[in-house]
$ cat run.tsv   # TSV, C-alpha atoms
chain	number	residue	atom	x	y	z
X	1	ARG	CA	20.01	5.58	-70.65
X	2	ASP	CA	20.50	8.45	-68.22
X	3	VAL	CA	23.70	9.66	-66.58
X	4	THR	CA	23.70	6.71	-64.15
X	5	GLY	CA	23.48	4.24	-67.00
X	6	VAL	CA	19.94	3.13	-66.14
X	7	GLN	CA	17.58	2.72	-69.05
X	8	THR	CA	15.06	5.51	-68.55
X	9	CYS	CA	12.08	3.31	-69.12
X	10	ALA	CA	13.12	-0.33	-68.87
X	11	LEU	CA	11.23	-1.04	-65.67
X	12	PRO	CA	7.99	-3.09	-65.54
X	13	ILE	CA	5.82	-0.06	-64.71
X	14	CYS	CA	6.87	1.80	-67.86
X	15	GLY	CA	3.98	2.21	-70.25
X	16	HIS	CA	1.57	1.73	-67.34
X	17	ASP	CA	2.33	4.93	-65.46
X	18	ALA	CA	-1.11	6.46	-66.01
X	19	LEU	CA	-2.75	3.23	-64.87
X	20	ALA	CA	-0.60	3.16	-61.72
X	21	ILE	CA	-1.60	6.74	-60.91
X	22	ARG	CA	-5.28	5.95	-61.46
X	23	ILE	CA	-5.11	2.91	-59.20
X	24	GLY	CA	-3.21	4.86	-56.57
X	25	SER	CA	-5.65	7.78	-56.60
X	26	VAL	CA	-8.63	5.44	-56.31
X	27	LEU	CA	-7.05	3.57	-53.39
X	28	SER	CA	-6.32	6.87	-51.63
X	29	LEU	CA	-9.93	7.90	-52.12
X	30	VAL	CA	-11.18	4.54	-50.84
X	31	SER	CA	-9.00	4.95	-47.77
X	32	ALA	CA	-10.39	8.43	-47.05
X	33	VAL	CA	-13.94	7.13	-47.40
X	34	GLY	CA	-13.10	4.22	-45.13
X	35	PHE	CA	-11.83	6.55	-42.41
X	36	VAL	CA	-15.20	8.35	-42.49
X	37	ILE	CA	-17.76	5.54	-42.76
X	38	VAL	CA	-16.04	2.54	-41.14
X	39	PRO	CA	-16.20	2.33	-37.32
X	40	SER	CA	-12.85	3.25	-35.80
X	41	ASN	CA	-10.81	0.52	-34.13
X	42	ALA	CA	-7.26	-0.80	-34.36
X	43	VAL	CA	-8.06	-3.23	-37.20
X	44	THR	CA	-9.89	-0.76	-39.46
X	45	LEU	CA	-7.24	1.88	-38.76
X	46	ALA	CA	-4.51	-0.53	-39.87
X	47	LEU	CA	-6.44	-1.62	-42.98
X	48	ASN	CA	-7.28	1.91	-44.10
X	49	THR	CA	-3.70	3.00	-43.49
X	50	ALA	CA	-2.39	0.07	-45.54
X	51	VAL	CA	-4.73	0.90	-48.43
X	52	MET	CA	-3.64	4.54	-48.27
X	53	GLY	CA	0.02	3.51	-48.25
X	54	VAL	CA	-0.34	1.28	-51.31
X	55	GLY	CA	-2.19	4.07	-53.10
X	56	GLN	CA	0.53	6.56	-52.27
X	57	LEU	CA	3.28	4.25	-53.52
X	58	ALA	CA	1.41	3.58	-56.77
X	59	CYS	CA	0.97	7.30	-57.36
X	60	MET	CA	4.61	8.05	-56.56
X	61	ALA	CA	5.88	5.37	-58.93
X	62	GLY	CA	3.59	6.53	-61.72
X	63	HIS	CA	4.45	10.20	-61.19
X	64	GLN	CA	8.17	9.54	-61.39
X	65	ILE	CA	7.84	7.58	-64.63
X	66	VAL	CA	5.75	10.43	-66.07
X	67	CYS	CA	8.60	12.78	-65.13
X	68	VAL	CA	11.00	10.53	-67.03
X	69	ARG	CA	8.98	10.23	-70.22
X	70	ALA	CA	7.96	13.91	-70.26
X	71	ALA	CA	11.54	15.15	-70.07
X	72	LYS	CA	14.03	15.72	-72.85
X	73	GLY	CA	17.44	14.55	-71.69
X	74	PRO	CA	18.94	14.28	-68.21
X	75	ARG	CA	18.87	18.06	-67.65
X	76	GLY	CA	15.19	18.29	-68.51
X	77	ARG	CA	14.48	15.28	-66.33
X	78	GLU	CA	16.05	17.00	-63.33
X	79	ALA	CA	13.97	20.13	-63.94
X	80	ILE	CA	10.66	18.27	-64.26
X	81	PHE	CA	11.43	16.13	-61.22
X	82	GLY	CA	12.28	19.34	-59.35
X	83	TYR	CA	8.87	20.81	-60.18
X	84	HIS	CA	7.29	17.55	-59.05
X	85	MET	CA	9.09	17.61	-55.71
X	86	VAL	CA	8.19	21.28	-55.16
X	87	ALA	CA	4.53	20.42	-55.76
X	88	ILE	CA	4.77	17.60	-53.20
X	89	ALA	CA	6.29	19.96	-50.64
X	90	PHE	CA	3.55	22.49	-51.34
X	91	GLY	CA	0.89	19.87	-50.63
X	92	GLN	CA	2.70	18.81	-47.46
X	93	GLY	CA	2.50	22.43	-46.31
X	94	VAL	CA	-1.15	23.03	-47.24
X	95	GLY	CA	-2.32	19.89	-45.40
X	96	PRO	CA	-1.00	20.87	-41.95
X	97	PHE	CA	-2.20	24.44	-42.51
X	98	ILE	CA	-5.76	23.20	-43.10
X	99	VAL	CA	-5.57	20.95	-40.04
X	100	SER	CA	-4.30	23.78	-37.83
X	101	TRP	CA	-7.01	26.11	-39.16
X	102	LEU	CA	-9.74	23.56	-38.40
X	103	ALA	CA	-8.34	22.74	-34.97
X	104	GLY	CA	-7.99	26.27	-33.67
X	105	ASN	CA	-6.88	26.07	-30.04
X	106	ALA	CA	-7.80	22.40	-29.61
X	107	ALA	CA	-5.08	19.85	-28.93
X	108	ILE	CA	-6.76	17.30	-31.24
X	109	PRO	CA	-8.23	18.45	-34.58
X	110	PRO	CA	-11.71	17.38	-35.77
X	111	THR	CA	-10.55	14.24	-37.57
X	112	GLY	CA	-13.97	13.53	-39.07
X	113	LEU	CA	-13.98	16.86	-40.89
X	114	VAL	CA	-10.35	16.38	-41.91
X	115	PHE	CA	-11.18	13.04	-43.57
X	116	GLN	CA	-14.21	14.57	-45.28
X	117	ILE	CA	-11.92	17.17	-46.82
X	118	SER	CA	-9.62	14.29	-47.78
X	119	ILE	CA	-12.49	12.71	-49.70
X	120	LEU	CA	-12.98	15.94	-51.64
X	121	VAL	CA	-9.28	16.27	-52.42
X	122	GLY	CA	-9.04	12.56	-53.28
X	123	SER	CA	-11.98	12.88	-55.68
X	124	LEU	CA	-10.28	15.76	-57.48
X	125	ALA	CA	-7.06	13.74	-57.67
X	126	ALA	CA	-8.91	10.72	-59.11
X	127	LEU	CA	-10.65	12.86	-61.73
X	128	THR	CA	-7.31	14.34	-62.72
X	129	ALA	CA	-5.70	10.89	-62.87
X	130	PHE	CA	-8.37	9.51	-65.17
X	131	GLY	CA	-7.83	12.49	-67.46
X	132	MET	CA	-4.18	11.58	-67.99
X	133	GLN	CA	-3.10	10.14	-71.31
X	134	ARG	CA	-1.28	6.83	-71.50
X	135	ALA	CA	2.26	6.76	-72.81
X	136	ALA	CA	2.31	6.47	-76.59
X	137	ALA	CA	3.85	3.29	-77.94
X	138	GLY	CA	7.54	3.78	-78.53
X	139	VAL	CA	7.75	7.16	-76.79
X	140	ASP	CA	10.62	6.70	-74.36
X	141	GLY	CA	9.05	3.39	-73.57
X	142	LYS	CA	11.44	1.23	-75.61
X	143	ARG	CA	8.92	-1.56	-75.56
X	144	GLY	CA	11.27	-3.78	-77.51
X	145	GLU	CA	13.69	-3.92	-74.57
X	146	ALA	CA	13.26	-6.37	-71.75
X	147	ALA	CA	12.51	-4.96	-68.33
X	148	MET	CA	15.61	-4.52	-66.19
X	149	GLY	CA	15.94	-7.28	-63.62
X	150	LEU	CA	16.53	-6.64	-59.93
X	151	GLY	CA	20.05	-8.06	-60.05
X	152	GLU	CA	21.03	-5.76	-62.91
X	153	LEU	CA	19.38	-2.79	-61.24
X	154	VAL	CA	21.20	-3.11	-57.89
X	155	ARG	CA	24.55	-3.32	-59.74
X	156	VAL	CA	24.10	0.18	-61.17
X	157	LYS	CA	26.99	2.30	-59.90
X	158	GLY	CA	25.94	4.55	-57.03
X	159	LEU	CA	22.41	3.21	-56.72
X	160	ILE	CA	22.90	1.60	-53.30
X	161	ALA	CA	24.29	4.87	-51.93
X	162	TYR	CA	21.26	6.72	-53.29
X	163	ILE	CA	18.91	4.20	-51.66
X	164	VAL	CA	20.65	4.41	-48.27
X	165	ALA	CA	20.61	8.23	-48.36
X	166	SER	CA	16.92	8.18	-49.27
X	167	LEU	CA	16.11	5.76	-46.46
X	168	ILE	CA	17.82	7.99	-43.91
X	169	THR	CA	16.09	11.12	-45.20
X	170	ILE	CA	12.61	9.61	-45.46
X	171	THR	CA	12.93	7.96	-42.04
X	172	GLY	CA	13.77	11.29	-40.45
X	173	LEU	CA	10.89	12.96	-42.27
X	174	ASP	CA	8.38	10.29	-41.23
X	175	ILE	CA	9.49	10.48	-37.60
X	176	ILE	CA	8.88	14.24	-37.57
X	177	VAL	CA	5.51	14.06	-39.35
X	178	ILE	CA	4.24	11.23	-37.14
X	179	TYR	CA	5.83	12.15	-33.80
X	180	LEU	CA	4.99	15.86	-33.66
X	181	PRO	CA	1.16	15.42	-33.67
X	182	LEU	CA	1.47	12.66	-31.04
X	183	LEU	CA	3.69	14.86	-28.91
X	184	GLY	CA	1.21	17.70	-29.21
X	185	ALA	CA	-1.73	15.51	-28.20
X	186	GLU	CA	0.19	14.05	-25.25
X	187	ARG	CA	1.36	17.39	-23.88
X	188	GLY	CA	-1.71	19.45	-24.73
X	189	ILE	CA	-0.04	21.56	-27.41
X	190	ASP	CA	-2.54	23.24	-29.73
X	191	ALA	CA	-2.96	21.39	-33.00
X	192	GLY	CA	-2.63	24.76	-34.71
X	193	VAL	CA	0.91	25.11	-33.36
X	194	ILE	CA	1.83	21.61	-34.52
X	195	GLY	CA	0.30	22.31	-37.93
X	196	ALA	CA	2.28	25.54	-38.23
X	197	MET	CA	5.51	23.67	-37.40
X	198	LEU	CA	4.80	21.03	-40.05
X	199	ALA	CA	3.87	23.72	-42.57
X	200	ALA	CA	7.16	25.50	-41.85
X	201	ARG	CA	9.04	22.25	-42.42
X	202	ALA	CA	7.25	21.80	-45.74
X	203	ALA	CA	8.07	25.39	-46.75
X	204	ALA	CA	11.76	24.83	-46.03
X	205	SER	CA	11.60	21.59	-48.01
X	206	MET	CA	9.99	23.40	-50.94
X	207	VAL	CA	12.71	26.06	-50.95
X	208	SER	CA	15.46	23.41	-50.86
X	209	ARG	CA	13.88	21.56	-53.79
X	210	LEU	CA	13.85	24.67	-55.93
X	211	VAL	CA	17.55	24.02	-56.64
X	212	TYR	CA	16.40	21.33	-59.11
X	213	VAL	CA	14.38	23.90	-61.05
X	214	PRO	CA	16.34	25.87	-63.67
$ encode --input "run.tsv" --output "structure tokens"
Amino acid sequence: RDVTGVQTCALPICGHDALAIRIGSVLSLVSAVGFVIVPSNAVTLALNTAVMGVGQLACMAGHQIVCVRAAKGPRGREAIFGYHMVAIAFGQGVGPFIVSWLAGNAAIPPTGLVFQISILVGSLAALTAFGMQRAAAGVDGKRGEAAMGLGELVRVKGLIAYIVASLITITGLDIIVIYLPLLGAERGIDAGVIGAMLAARAAASMVSRLVYVP
């Protein structure tokens, strides 16, 4: 158990973290390919976005369990999770930078080229995911323990507060990431300017997450 009293690996995904990451990376790659080869309309946009979202959630869940089983104690877990969050912020900064570089002075970037680059990045991610080792039996997996039920999980002290705080933070982040490009397209702001603003946000996020790293 960690400092909150939650068993560090008593959730159903434990022991299947590498598989979750592989599935998530493949779904993300499939989504990128779909954006390139499938004719664009509202239905295909929604389907590809849904596939991408499921892939992202699978990767995030798997990554966080890997952080748990790779750490030694609560302090080590915070450090590894800090490195993980810094890496996410770095990627969130590189993406807008690439988009702004491709767009130049245009208000709308060349989306076809952006998705082609996404296929390349997704392929590298999938290759990396399939090179990951599965959790060894008994290593922080505690396979003899039953998975924690939802009722027991929500009764963990402080968990609801953490969830509410996360919802507020992620909602604000998503509004910025989604609204800024739309605002730029509507008002004719160069995509490069919007990309630079998103990259600056990611840089600030990366600096703030360094507090988790010893």
$ atom_distance --input "run.tsv" --atom1 "CA of Tyr83 in chain X" --atom2 "CA of Arg209 in chain X"
8.2 Å
$ residues_around --input "run.tsv" --residues "range 122-127 of chain X" --least-positions-apart "2" --cutoff "7 Å" --atoms "only C-alpha atoms" --output "list in words"
Arg22, Ser25, Val26, Ser28, Leu29, Ser118, Ile119, Leu120, Ala129, Phe130 and Gly131 of chain X
$ atom_distance --input "run.tsv" --atom1 "CA of Ile98 in chain X" --atom2 "CA of Leu113 in chain X"
10.6 Å
$ residues_around --input "run.tsv" --residues "Phe35 in chain X" --least-positions-apart "5" --cutoff "12 Å" --atoms "all atoms listed in the file" --output "ChimeraX atom specification"
/X:28-30,40-52,111-119
$ closest_residue --input "run.tsv" --among "X:Ala58, X:Phe97, X:Leu159, X:Ile168" --to "Ala200 in chain X" --atoms "only C-alpha atoms"
X:Phe97
$ residues_around --input "run.tsv" --residues "Pro181 in chain X" --least-positions-apart "2" --cutoff "12 Å" --atoms "only C-alpha atoms" --output "ChimeraX atom specification"
/X:96,99-100,107-109,174-179,183-198
$ decode --input "run.tsv" --residues "range 15-110 of chain X" --atoms "C-alpha atoms" --output "short mmCIF file (atom, residue, chain, number, x, y, z; two decimals), in the first residue's frame"
data_model
loop_
_atom_site.label_atom_id
_atom_site.label_comp_id
_atom_site.auth_asym_id
_atom_site.auth_seq_id
_atom_site.Cartn_x
_atom_site.Cartn_y
_atom_site.Cartn_z
CA GLY X 15 0.08 -7.27 -14.68
CA HIS X 16 -1.31 -6.18 -18.05
CA ASP X 17 0.30 -2.75 -18.22
CA ALA X 18 2.54 -3.59 -21.18
CA LEU X 19 -0.43 -5.04 -23.05
CA ALA X 20 -2.49 -1.89 -22.37
CA ILE X 21 0.33 0.28 -23.72
CA ARG X 22 0.66 -1.89 -26.83
CA ILE X 23 -3.08 -1.73 -27.50
CA GLY X 24 -3.12 2.01 -26.90
CA SER X 25 -0.16 2.67 -29.21
CA VAL X 26 -1.70 0.57 -31.98
CA LEU X 27 -5.05 2.36 -31.67
CA SER X 28 -3.28 5.74 -31.82
CA LEU X 29 -1.46 4.62 -34.94
CA VAL X 30 -4.69 3.34 -36.51
CA SER X 31 -6.31 6.69 -35.79
CA ALA X 32 -3.47 8.61 -37.45
CA VAL X 33 -3.68 6.37 -40.51
CA GLY X 34 -7.45 6.84 -40.58
CA PHE X 35 -7.08 10.63 -40.60
CA VAL X 36 -4.87 10.31 -43.70
CA ILE X 37 -6.61 7.68 -45.84
CA VAL X 38 -10.29 7.93 -44.84
CA PRO X 39 -12.33 10.68 -46.54
CA SER X 40 -12.98 13.54 -44.13
CA ASN X 41 -16.52 14.09 -42.86
CA ALA X 42 -18.20 14.48 -39.49
CA VAL X 43 -18.68 10.72 -38.99
CA THR X 44 -15.11 9.66 -39.81
CA LEU X 45 -13.75 12.57 -37.76
CA ALA X 46 -15.76 11.41 -34.74
CA LEU X 47 -14.75 7.75 -35.20
CA ASN X 48 -11.05 8.49 -35.62
CA THR X 49 -11.12 10.83 -32.63
CA ALA X 50 -12.83 8.16 -30.51
CA VAL X 51 -10.23 5.56 -31.49
CA MET X 52 -7.45 8.02 -30.68
CA GLY X 53 -9.04 8.80 -27.31
CA VAL X 54 -9.32 5.14 -26.32
CA GLY X 55 -5.71 4.60 -27.36
CA GLN X 56 -4.56 7.55 -25.30
CA LEU X 57 -6.42 6.35 -22.21
CA ALA X 58 -5.00 2.83 -22.57
CA CYS X 59 -1.47 4.22 -22.84
CA MET X 60 -1.95 6.54 -19.87
CA ALA X 61 -3.28 3.75 -17.66
CA GLY X 62 -0.46 1.42 -18.65
CA HIS X 63 2.20 4.10 -18.20
CA GLN X 64 1.03 4.93 -14.70
CA ILE X 65 1.05 1.29 -13.61
CA VAL X 66 4.58 0.96 -15.02
CA CYS X 67 5.54 3.97 -12.88
CA VAL X 68 4.12 2.17 -9.85
CA ARG X 69 5.86 -1.15 -10.37
CA ALA X 70 9.18 0.43 -11.40
CA ALA X 71 9.44 2.52 -8.25
CA LYS X 72 10.82 1.60 -4.86
CA GLY X 73 8.59 3.08 -2.19
CA PRO X 74 6.33 6.14 -2.23
CA ARG X 75 9.25 8.57 -2.65
CA GLY X 76 10.59 6.71 -5.66
CA ARG X 77 7.10 6.51 -7.11
CA GLU X 78 6.75 10.28 -6.95
CA ALA X 79 10.10 10.75 -8.69
CA ILE X 80 9.34 8.32 -11.52
CA PHE X 81 5.86 9.77 -12.00
CA GLY X 82 7.47 13.22 -12.08
CA TYR X 83 9.79 12.15 -14.90
CA HIS X 84 6.78 10.69 -16.71
CA MET X 85 4.81 13.93 -16.43
CA VAL X 86 7.81 15.99 -17.59
CA ALA X 87 8.10 13.75 -20.65
CA ILE X 88 4.39 14.28 -21.39
CA ALA X 89 4.80 18.05 -21.12
CA PHE X 90 7.83 17.88 -23.42
CA GLY X 91 5.78 16.07 -26.05
CA GLN X 92 2.95 18.57 -25.66
CA GLY X 93 5.46 21.31 -26.42
CA VAL X 94 7.15 19.61 -29.39
CA GLY X 95 3.81 18.91 -31.12
CA PRO X 96 2.65 22.55 -31.35
CA PHE X 97 6.18 23.61 -32.33
CA ILE X 98 6.12 21.20 -35.30
CA VAL X 99 2.66 22.41 -36.31
CA SER X 100 3.70 26.07 -36.13
CA TRP X 101 6.85 25.32 -38.13
CA LEU X 102 4.85 23.56 -40.85
CA ALA X 103 2.17 26.24 -40.96
CA GLY X 104 4.44 29.25 -41.28
CA ASN X 105 2.24 32.32 -41.74
CA ALA X 106 -0.90 30.34 -42.64
CA ALA X 107 -3.92 30.48 -40.36
CA ILE X 108 -4.59 26.75 -40.87
CA PRO X 109 -1.67 24.28 -40.88
CA PRO X 110 -1.30 21.54 -43.54
#
